[in-house]
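Source file: query.pdb. Holds: PDB, N, CA and C atoms, pLDDT in the B column.
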ATOM      1  N   MET A   1      85.669 165.907  87.608  1.00 57.00           N
ATOM      2  CA  MET A   1      85.633 165.469  86.227  1.00 57.00           C
ATOM      3  C   MET A   1      84.176 165.318  85.790  1.00 57.00           C
ATOM      4  N   SER A   2      83.895 165.623  84.591  1.00 64.00           N
ATOM      5  CA  SER A   2      82.553 165.546  84.043  1.00 64.00           C
ATOM      6  C   SER A   2      82.106 164.095  83.893  1.00 64.00           C
ATOM      7  N   ALA A   3      80.799 163.864  83.968  1.00 61.00           N
ATOM      8  CA  ALA A   3      80.262 162.517  83.820  1.00 61.00           C
ATOM      9  C   ALA A   3      80.435 161.991  82.395  1.00 61.00           C
ATOM     10  N   ILE A   4      80.663 162.877  81.455  1.00 66.00           N
ATOM     11  CA  ILE A   4      80.837 162.445  80.065  1.00 66.00           C
ATOM     12  C   ILE A   4      82.171 161.737  79.878  1.00 66.00           C
ATOM     13  N   PHE A   5      83.192 162.175  80.605  1.00 76.00           N
ATOM     14  CA  PHE A   5      84.527 161.632  80.401  1.00 76.00           C
ATOM     15  C   PHE A   5      84.858 160.478  81.341  1.00 76.00           C
ATOM     16  N   ASN A   6      84.072 160.292  82.386  1.00 81.00           N
ATOM     17  CA  ASN A   6      84.300 159.197  83.312  1.00 81.00           C
ATOM     18  C   ASN A   6      83.240 158.132  83.035  1.00 81.00           C
ATOM     19  N   PHE A   7      83.664 156.926  82.648  1.00 83.00           N
ATOM     20  CA  PHE A   7      82.732 155.888  82.205  1.00 83.00           C
ATOM     21  C   PHE A   7      81.799 155.456  83.325  1.00 83.00           C
ATOM     22  N   GLN A   8      82.312 155.310  84.534  1.00 84.00           N
ATOM     23  CA  GLN A   8      81.476 154.892  85.652  1.00 84.00           C
ATOM     24  C   GLN A   8      80.414 155.946  85.964  1.00 84.00           C
ATOM     25  N   SER A   9      80.771 157.199  85.898  1.00 84.00           N
ATOM     26  CA  SER A   9      79.802 158.262  86.130  1.00 84.00           C
ATOM     27  C   SER A   9      78.758 158.319  85.020  1.00 84.00           C
ATOM     28  N   LEU A  10      79.191 158.080  83.797  1.00 85.00           N
ATOM     29  CA  LEU A  10      78.259 158.056  82.677  1.00 85.00           C
ATOM     30  C   LEU A  10      77.237 156.935  82.845  1.00 85.00           C
ATOM     31  N   LEU A  11      77.693 155.758  83.261  1.00 87.00           N
ATOM     32  CA  LEU A  11      76.766 154.652  83.503  1.00 87.00           C
ATOM     33  C   LEU A  11      75.810 154.968  84.642  1.00 87.00           C
ATOM     34  N   SER A  12      76.295 155.629  85.673  1.00 89.00           N
ATOM     35  CA  SER A  12      75.433 156.014  86.798  1.00 89.00           C
ATOM     36  C   SER A  12      74.349 156.984  86.337  1.00 89.00           C
ATOM     37  N   VAL A  13      74.733 157.955  85.529  1.00 90.00           N
ATOM     38  CA  VAL A  13      73.762 158.932  85.031  1.00 90.00           C
ATOM     39  C   VAL A  13      72.728 158.250  84.133  1.00 90.00           C
ATOM     40  N   LEU A  14      73.148 157.343  83.287  1.00 91.00           N
ATOM     41  CA  LEU A  14      72.206 156.636  82.412  1.00 91.00           C
ATOM     42  C   LEU A  14      71.241 155.768  83.219  1.00 91.00           C
ATOM     43  N   LEU A  15      71.749 155.066  84.217  1.00 92.00           N
ATOM     44  CA  LEU A  15      70.869 154.253  85.057  1.00 92.00           C
ATOM     45  C   LEU A  15      69.878 155.120  85.824  1.00 92.00           C
ATOM     46  N   LEU A  16      70.350 156.234  86.356  1.00 92.00           N
ATOM     47  CA  LEU A  16      69.437 157.142  87.056  1.00 92.00           C
ATOM     48  C   LEU A  16      68.384 157.719  86.114  1.00 92.00           C
ATOM     49  N   LEU A  17      68.779 158.027  84.890  1.00 92.00           N
ATOM     50  CA  LEU A  17      67.825 158.551  83.907  1.00 92.00           C
ATOM     51  C   LEU A  17      66.765 157.514  83.578  1.00 92.00           C
ATOM     52  N   ILE A  18      67.172 156.276  83.361  1.00 92.00           N
ATOM     53  CA  ILE A  18      66.232 155.205  83.035  1.00 92.00           C
ATOM     54  C   ILE A  18      65.270 154.970  84.194  1.00 92.00           C
ATOM     55  N   CYS A  19      65.798 154.892  85.399  1.00 93.00           N
ATOM     56  CA  CYS A  19      64.947 154.639  86.567  1.00 93.00           C
ATOM     57  C   CYS A  19      63.994 155.806  86.834  1.00 93.00           C
ATOM     58  N   THR A  20      64.483 157.014  86.683  1.00 93.00           N
ATOM     59  CA  THR A  20      63.641 158.191  86.922  1.00 93.00           C
ATOM     60  C   THR A  20      62.527 158.287  85.891  1.00 93.00           C
ATOM     61  N   CYS A  21      62.843 158.039  84.632  1.00 92.00           N
ATOM     62  CA  CYS A  21      61.818 158.117  83.587  1.00 92.00           C
ATOM     63  C   CYS A  21      60.745 157.044  83.778  1.00 92.00           C
ATOM     64  N   ALA A  22      61.153 155.838  84.146  1.00 91.00           N
ATOM     65  CA  ALA A  22      60.180 154.769  84.375  1.00 91.00           C
ATOM     66  C   ALA A  22      59.301 155.095  85.583  1.00 91.00           C
ATOM     67  N   TYR A  23      59.896 155.674  86.624  1.00 92.00           N
ATOM     68  CA  TYR A  23      59.137 156.054  87.814  1.00 92.00           C
ATOM     69  C   TYR A  23      58.140 157.162  87.492  1.00 92.00           C
ATOM     70  N   LEU A  24      58.580 158.180  86.759  1.00 90.00           N
ATOM     71  CA  LEU A  24      57.688 159.285  86.421  1.00 90.00           C
ATOM     72  C   LEU A  24      56.578 158.854  85.467  1.00 90.00           C
ATOM     73  N   ARG A  25      56.882 157.901  84.585  1.00 90.00           N
ATOM     74  CA  ARG A  25      55.856 157.435  83.660  1.00 90.00           C
ATOM     75  C   ARG A  25      54.735 156.702  84.393  1.00 90.00           C
ATOM     76  N   SER A  26      55.053 156.079  85.529  1.00 89.00           N
ATOM     77  CA  SER A  26      54.000 155.409  86.287  1.00 89.00           C
ATOM     78  C   SER A  26      53.008 156.412  86.887  1.00 89.00           C
ATOM     79  N   PHE A  27      53.449 157.641  87.147  1.00 91.00           N
ATOM     80  CA  PHE A  27      52.565 158.661  87.684  1.00 91.00           C
ATOM     81  C   PHE A  27      51.919 159.521  86.602  1.00 91.00           C
ATOM     82  N   PHE A  28      52.663 159.810  85.532  1.00 87.00           N
ATOM     83  CA  PHE A  28      52.185 160.692  84.468  1.00 87.00           C
ATOM     84  C   PHE A  28      52.320 160.020  83.100  1.00 87.00           C
ATOM     85  N   PRO A  29      51.547 158.969  82.830  1.00 86.00           N
ATOM     86  CA  PRO A  29      51.722 158.270  81.547  1.00 86.00           C
ATOM     87  C   PRO A  29      51.321 159.106  80.340  1.00 86.00           C
ATOM     88  N   SER A  30      50.351 159.994  80.497  1.00 87.00           N
ATOM     89  CA  SER A  30      49.897 160.774  79.338  1.00 87.00           C
ATOM     90  C   SER A  30      50.973 161.753  78.876  1.00 87.00           C
ATOM     91  N   ILE A  31      51.749 162.294  79.803  1.00 82.00           N
ATOM     92  CA  ILE A  31      52.805 163.243  79.427  1.00 82.00           C
ATOM     93  C   ILE A  31      53.922 162.517  78.682  1.00 82.00           C
ATOM     94  N   MET A  32      54.296 161.337  79.172  1.00 81.00           N
ATOM     95  CA  MET A  32      55.374 160.590  78.523  1.00 81.00           C
ATOM     96  C   MET A  32      54.942 160.053  77.158  1.00 81.00           C
ATOM     97  N   ASP A  33      53.699 159.576  77.060  1.00 83.00           N
ATOM     98  CA  ASP A  33      53.239 158.977  75.809  1.00 83.00           C
ATOM     99  C   ASP A  33      52.979 160.015  74.730  1.00 83.00           C
ATOM    100  N   ARG A  34      52.769 161.252  75.126  1.00 87.00           N
ATOM    101  CA  ARG A  34      52.515 162.317  74.156  1.00 87.00           C
ATOM    102  C   ARG A  34      53.782 162.673  73.371  1.00 87.00           C
ATOM    103  N   ASN A  35      54.940 162.533  73.997  1.00 81.00           N
ATOM    104  CA  ASN A  35      56.206 162.948  73.392  1.00 81.00           C
ATOM    105  C   ASN A  35      57.040 161.727  73.014  1.00 81.00           C
ATOM    106  N   LYS A  36      56.726 161.105  71.900  1.00 85.00           N
ATOM    107  CA  LYS A  36      57.459 159.907  71.483  1.00 85.00           C
ATOM    108  C   LYS A  36      58.565 160.207  70.482  1.00 85.00           C
ATOM    109  N   THR A  37      58.608 161.405  69.961  1.00 85.00           N
ATOM    110  CA  THR A  37      59.639 161.758  68.998  1.00 85.00           C
ATOM    111  C   THR A  37      60.340 163.019  69.458  1.00 85.00           C
ATOM    112  N   GLY A  38      61.475 163.281  68.854  1.00 84.00           N
ATOM    113  CA  GLY A  38      62.222 164.482  69.189  1.00 84.00           C
ATOM    114  C   GLY A  38      63.068 164.312  70.434  1.00 84.00           C
ATOM    115  N   LEU A  39      63.466 165.428  70.995  1.00 85.00           N
ATOM    116  CA  LEU A  39      64.325 165.413  72.171  1.00 85.00           C
ATOM    117  C   LEU A  39      63.604 164.818  73.382  1.00 85.00           C
ATOM    118  N   LEU A  40      62.338 165.144  73.565  1.00 85.00           N
ATOM    119  CA  LEU A  40      61.582 164.592  74.689  1.00 85.00           C
ATOM    120  C   LEU A  40      61.261 163.114  74.490  1.00 85.00           C
ATOM    121  N   GLY A  41      61.393 162.627  73.270  1.00 89.00           N
ATOM    122  CA  GLY A  41      61.210 161.203  73.007  1.00 89.00           C
ATOM    123  C   GLY A  41      62.277 160.351  73.661  1.00 89.00           C
ATOM    124  N   THR A  42      63.408 160.956  73.968  1.00 90.00           N
ATOM    125  CA  THR A  42      64.472 160.243  74.677  1.00 90.00           C
ATOM    126  C   THR A  42      63.983 159.784  76.041  1.00 90.00           C
ATOM    127  N   PHE A  43      63.215 160.625  76.729  1.00 91.00           N
ATOM    128  CA  PHE A  43      62.687 160.252  78.036  1.00 91.00           C
ATOM    129  C   PHE A  43      61.673 159.118  77.916  1.00 91.00           C
ATOM    130  N   TRP A  44      60.867 159.143  76.856  1.00 91.00           N
ATOM    131  CA  TRP A  44      59.910 158.064  76.622  1.00 91.00           C
ATOM    132  C   TRP A  44      60.648 156.747  76.367  1.00 91.00           C
ATOM    133  N   LYS A  45      61.726 156.816  75.588  1.00 91.00           N
ATOM    134  CA  LYS A  45      62.506 155.609  75.305  1.00 91.00           C
ATOM    135  C   LYS A  45      63.170 155.071  76.564  1.00 91.00           C
ATOM    136  N   CYS A  46      63.677 155.957  77.393  1.00 91.00           N
ATOM    137  CA  CYS A  46      64.280 155.517  78.665  1.00 91.00           C
ATOM    138  C   CYS A  46      63.226 154.879  79.567  1.00 91.00           C
ATOM    139  N   ALA A  47      62.019 155.429  79.563  1.00 91.00           N
ATOM    140  CA  ALA A  47      60.941 154.842  80.362  1.00 91.00           C
ATOM    141  C   ALA A  47      60.575 153.457  79.847  1.00 91.00           C
ATOM    142  N   ARG A  48      60.559 153.283  78.537  1.00 91.00           N
ATOM    143  CA  ARG A  48      60.252 151.962  77.962  1.00 91.00           C
ATOM    144  C   ARG A  48      61.323 150.944  78.317  1.00 91.00           C
ATOM    145  N   ILE A  49      62.572 151.364  78.278  1.00 91.00           N
ATOM    146  CA  ILE A  49      63.665 150.466  78.669  1.00 91.00           C
ATOM    147  C   ILE A  49      63.514 150.087  80.133  1.00 91.00           C
ATOM    148  N   GLY A  50      63.203 151.067  80.978  1.00 90.00           N
ATOM    149  CA  GLY A  50      63.036 150.800  82.401  1.00 90.00           C
ATOM    150  C   GLY A  50      61.880 149.873  82.703  1.00 90.00           C
ATOM    151  N   GLU A  51      60.810 149.946  81.901  1.00 88.00           N
ATOM    152  CA  GLU A  51      59.648 149.088  82.114  1.00 88.00           C
ATOM    153  C   GLU A  51      59.886 147.680  81.588  1.00 88.00           C
ATOM    154  N   ARG A  52      60.403 147.570  80.404  1.00 91.00           N
ATOM    155  CA  ARG A  52      60.536 146.257  79.776  1.00 91.00           C
ATOM    156  C   ARG A  52      61.726 145.465  80.280  1.00 91.00           C
ATOM    157  N   LYS A  53      62.789 146.137  80.629  1.00 90.00           N
ATOM    158  CA  LYS A  53      64.001 145.462  81.089  1.00 90.00           C
ATOM    159  C   LYS A  53      64.215 145.675  82.591  1.00 90.00           C
ATOM    160  N   SER A  54      63.133 145.775  83.351  1.00 86.00           N
ATOM    161  CA  SER A  54      63.258 146.156  84.752  1.00 86.00           C
ATOM    162  C   SER A  54      64.101 145.200  85.597  1.00 86.00           C
ATOM    163  N   PRO A  55      64.065 143.874  85.402  1.00 90.00           N
ATOM    164  CA  PRO A  55      64.961 143.028  86.208  1.00 90.00           C
ATOM    165  C   PRO A  55      66.436 143.306  85.906  1.00 90.00           C
ATOM    166  N   TYR A  56      66.749 143.518  84.650  1.00 90.00           N
ATOM    167  CA  TYR A  56      68.134 143.805  84.272  1.00 90.00           C
ATOM    168  C   TYR A  56      68.572 145.174  84.785  1.00 90.00           C
ATOM    169  N   VAL A  57      67.675 146.144  84.707  1.00 90.00           N
ATOM    170  CA  VAL A  57      67.990 147.485  85.202  1.00 90.00           C
ATOM    171  C   VAL A  57      68.195 147.438  86.716  1.00 90.00           C
ATOM    172  N   ALA A  58      67.377 146.665  87.415  1.00 89.00           N
ATOM    173  CA  ALA A  58      67.518 146.554  88.865  1.00 89.00           C
ATOM    174  C   ALA A  58      68.853 145.919  89.245  1.00 89.00           C
ATOM    175  N   VAL A  59      69.243 144.881  88.523  1.00 91.00           N
ATOM    176  CA  VAL A  59      70.533 144.243  88.792  1.00 91.00           C
ATOM    177  C   VAL A  59      71.676 145.213  88.506  1.00 91.00           C
ATOM    178  N   CYS A  60      71.570 145.966  87.435  1.00 90.00           N
ATOM    179  CA  CYS A  60      72.605 146.956  87.112  1.00 90.00           C
ATOM    180  C   CYS A  60      72.684 148.041  88.182  1.00 90.00           C
ATOM    181  N   CYS A  61      71.536 148.466  88.720  1.00 90.00           N
ATOM    182  CA  CYS A  61      71.546 149.469  89.779  1.00 90.00           C
ATOM    183  C   CYS A  61      72.208 148.931  91.047  1.00 90.00           C
ATOM    184  N   ILE A  62      71.936 147.679  91.379  1.00 91.00           N
ATOM    185  CA  ILE A  62      72.558 147.072  92.560  1.00 91.00           C
ATOM    186  C   ILE A  62      74.056 146.934  92.359  1.00 91.00           C
ATOM    187  N   LEU A  63      74.468 146.482  91.192  1.00 91.00           N
ATOM    188  CA  LEU A  63      75.903 146.355  90.913  1.00 91.00           C
ATOM    189  C   LEU A  63      76.601 147.714  90.922  1.00 91.00           C
ATOM    190  N   MET A  64      75.941 148.731  90.375  1.00 90.00           N
ATOM    191  CA  MET A  64      76.531 150.060  90.367  1.00 90.00           C
ATOM    192  C   MET A  64      76.640 150.610  91.784  1.00 90.00           C
ATOM    193  N   ALA A  65      75.614 150.377  92.604  1.00 90.00           N
ATOM    194  CA  ALA A  65      75.676 150.836  93.995  1.00 90.00           C
ATOM    195  C   ALA A  65      76.807 150.129  94.740  1.00 90.00           C
ATOM    196  N   PHE A  66      76.947 148.837  94.545  1.00 92.00           N
ATOM    197  CA  PHE A  66      78.039 148.093  95.175  1.00 92.00           C
ATOM    198  C   PHE A  66      79.393 148.627  94.713  1.00 92.00           C
ATOM    199  N   SER A  67      79.500 148.888  93.443  1.00 89.00           N
ATOM    200  CA  SER A  67      80.748 149.399  92.871  1.00 89.00           C
ATOM    201  C   SER A  67      81.099 150.768  93.447  1.00 89.00           C
ATOM    202  N   ILE A  68      80.112 151.648  93.537  1.00 86.00           N
ATOM    203  CA  ILE A  68      80.374 152.992  94.049  1.00 86.00           C
ATOM    204  C   ILE A  68      80.707 152.966  95.534  1.00 86.00           C
ATOM    205  N   LEU A  69      79.986 152.129  96.284  1.00 90.00           N
ATOM    206  CA  LEU A  69      80.191 152.113  97.733  1.00 90.00           C
ATOM    207  C   LEU A  69      81.477 151.418  98.166  1.00 90.00           C
ATOM    208  N   PHE A  70      81.815 150.305  97.509  1.00 91.00           N
ATOM    209  CA  PHE A  70      82.885 149.477  98.030  1.00 91.00           C
ATOM    210  C   PHE A  70      84.147 149.424  97.170  1.00 91.00           C
ATOM    211  N   LEU A  71      84.053 149.740  95.901  1.00 84.00           N
ATOM    212  CA  LEU A  71      85.219 149.603  95.033  1.00 84.00           C
ATOM    213  C   LEU A  71      85.902 150.926  94.706  1.00 84.00           C
ATOM    214  N   THR A  72      85.227 152.032  94.915  1.00 69.00           N
ATOM    215  CA  THR A  72      85.835 153.315  94.572  1.00 69.00           C
ATOM    216  C   THR A  72      86.411 154.015  95.767  1.00 69.00           C
TER     217      THR A  72
END

Transcribe the structure of this file into structure tokens.
Amino acid sequence: MSAIFNFQSLLSVLLLLICTCAYLRSFFPSIMDRNKTGLLGTFWKCARIGERKSPYVAVCCILMAFSILFLT
């Protein structure tokens, strides 16, 4: 089943996107900051969410990992 139609998979993909963008922005900040609008601006926004809400994102990643490993 596609990640679009399965809510748990969609949340996993969004969390991975946020974490990946925040991680890549720490190595390549000029590339992320250059593209703040348009389609590539989505990655910049995900990086900002990952940076500013990092404790909440970390808790969500732990809960999602627990859910995938033990509840499914």

- [ ] Write out as a PyMOL selection string the residues lying within 8 Å of Gly50 of chain A, counting all atoms listed in the file and excluding same-chain residues fewer than 2 positions away.
- [x] chain A and resi 17-23+44-48+52-55+57-58

Task: Coordinates-based distance that separates atom CA of Val13 of chain A from atom CA of Asn35 of chain A (Å, one decimal) - done: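 Spanning atom CA of Asn35 of chain A to atom CA of Val13 of chain A is a straight-line distance of 21.4 Å.
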
Task: alpha helix (DSSP H) residues, from DSSP on the backbone, in chain A, as a ChimeraX atom specification - done: /A:7-27,29-34,41-52,54-66

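Atom N of Asn6 of chain A is found 17.2 Å from atom CA of Ala65 of chain A.
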
Task: Explicit residues for the PyMOL selection byres (((chain A and resi 31 and name CA) around 12) and name CA) (as a VMD selection string) - done: chain A and resid 21 24 to 30 32 to 36 40 to 41 43 to 44 47

Same residues, N, CA and C atoms, output as an mmCIF file, in the frame of the given file:
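Written output follows (again11.cif):
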data_model
loop_
_atom_site.group_PDB
_atom_site.id
_atom_site.type_symbol
_atom_site.label_atom_id
_atom_site.label_comp_id
_atom_site.auth_asym_id
_atom_site.auth_seq_id
_atom_site.Cartn_x
_atom_site.Cartn_y
_atom_site.Cartn_z
ATOM 1 N N CYS A 21 62.843 158.039 84.632
ATOM 2 C CA CYS A 21 61.818 158.117 83.587
ATOM 3 C C CYS A 21 60.745 157.044 83.778
ATOM 4 N N LEU A 24 58.580 158.180 86.759
ATOM 5 C CA LEU A 24 57.688 159.285 86.421
ATOM 6 C C LEU A 24 56.578 158.854 85.467
ATOM 7 N N ARG A 25 56.882 157.901 84.585
ATOM 8 C CA ARG A 25 55.856 157.435 83.660
ATOM 9 C C ARG A 25 54.735 156.702 84.393
ATOM 10 N N SER A 26 55.053 156.079 85.529
ATOM 11 C CA SER A 26 54.000 155.409 86.287
ATOM 12 C C SER A 26 53.008 156.412 86.887
ATOM 13 N N PHE A 27 53.449 157.641 87.147
ATOM 14 C CA PHE A 27 52.565 158.661 87.684
ATOM 15 C C PHE A 27 51.919 159.521 86.602
ATOM 16 N N PHE A 28 52.663 159.810 85.532
ATOM 17 C CA PHE A 28 52.185 160.692 84.468
ATOM 18 C C PHE A 28 52.320 160.020 83.100
ATOM 19 N N PRO A 29 51.547 158.969 82.830
ATOM 20 C CA PRO A 29 51.722 158.270 81.547
ATOM 21 C C PRO A 29 51.321 159.106 80.340
ATOM 22 N N SER A 30 50.351 159.994 80.497
ATOM 23 C CA SER A 30 49.897 160.774 79.338
ATOM 24 C C SER A 30 50.973 161.753 78.876
ATOM 25 N N MET A 32 54.296 161.337 79.172
ATOM 26 C CA MET A 32 55.374 160.590 78.523
ATOM 27 C C MET A 32 54.942 160.053 77.158
ATOM 28 N N ASP A 33 53.699 159.576 77.060
ATOM 29 C CA ASP A 33 53.239 158.977 75.809
ATOM 30 C C ASP A 33 52.979 160.015 74.730
ATOM 31 N N ARG A 34 52.769 161.252 75.126
ATOM 32 C CA ARG A 34 52.515 162.317 74.156
ATOM 33 C C ARG A 34 53.782 162.673 73.371
ATOM 34 N N ASN A 35 54.940 162.533 73.997
ATOM 35 C CA ASN A 35 56.206 162.948 73.392
ATOM 36 C C ASN A 35 57.040 161.727 73.014
ATOM 37 N N LYS A 36 56.726 161.105 71.900
ATOM 38 C CA LYS A 36 57.459 159.907 71.483
ATOM 39 C C LYS A 36 58.565 160.207 70.482
ATOM 40 N N LEU A 40 62.338 165.144 73.565
ATOM 41 C CA LEU A 40 61.582 164.592 74.689
ATOM 42 C C LEU A 40 61.261 163.114 74.490
ATOM 43 N N GLY A 41 61.393 162.627 73.270
ATOM 44 C CA GLY A 41 61.210 161.203 73.007
ATOM 45 C C GLY A 41 62.277 160.351 73.661
ATOM 46 N N PHE A 43 63.215 160.625 76.729
ATOM 47 C CA PHE A 43 62.687 160.252 78.036
ATOM 48 C C PHE A 43 61.673 159.118 77.916
ATOM 49 N N TRP A 44 60.867 159.143 76.856
ATOM 50 C CA TRP A 44 59.910 158.064 76.622
ATOM 51 C C TRP A 44 60.648 156.747 76.367
ATOM 52 N N ALA A 47 62.019 155.429 79.563
ATOM 53 C CA ALA A 47 60.941 154.842 80.362
ATOM 54 C C ALA A 47 60.575 153.457 79.847
#

- [ ] Mind giving me the straight-line distance from atom CA of Leu16 of chain A to atom CA of Leu71 of chain A in Å, one decimal?
- [x] 19.2 Å
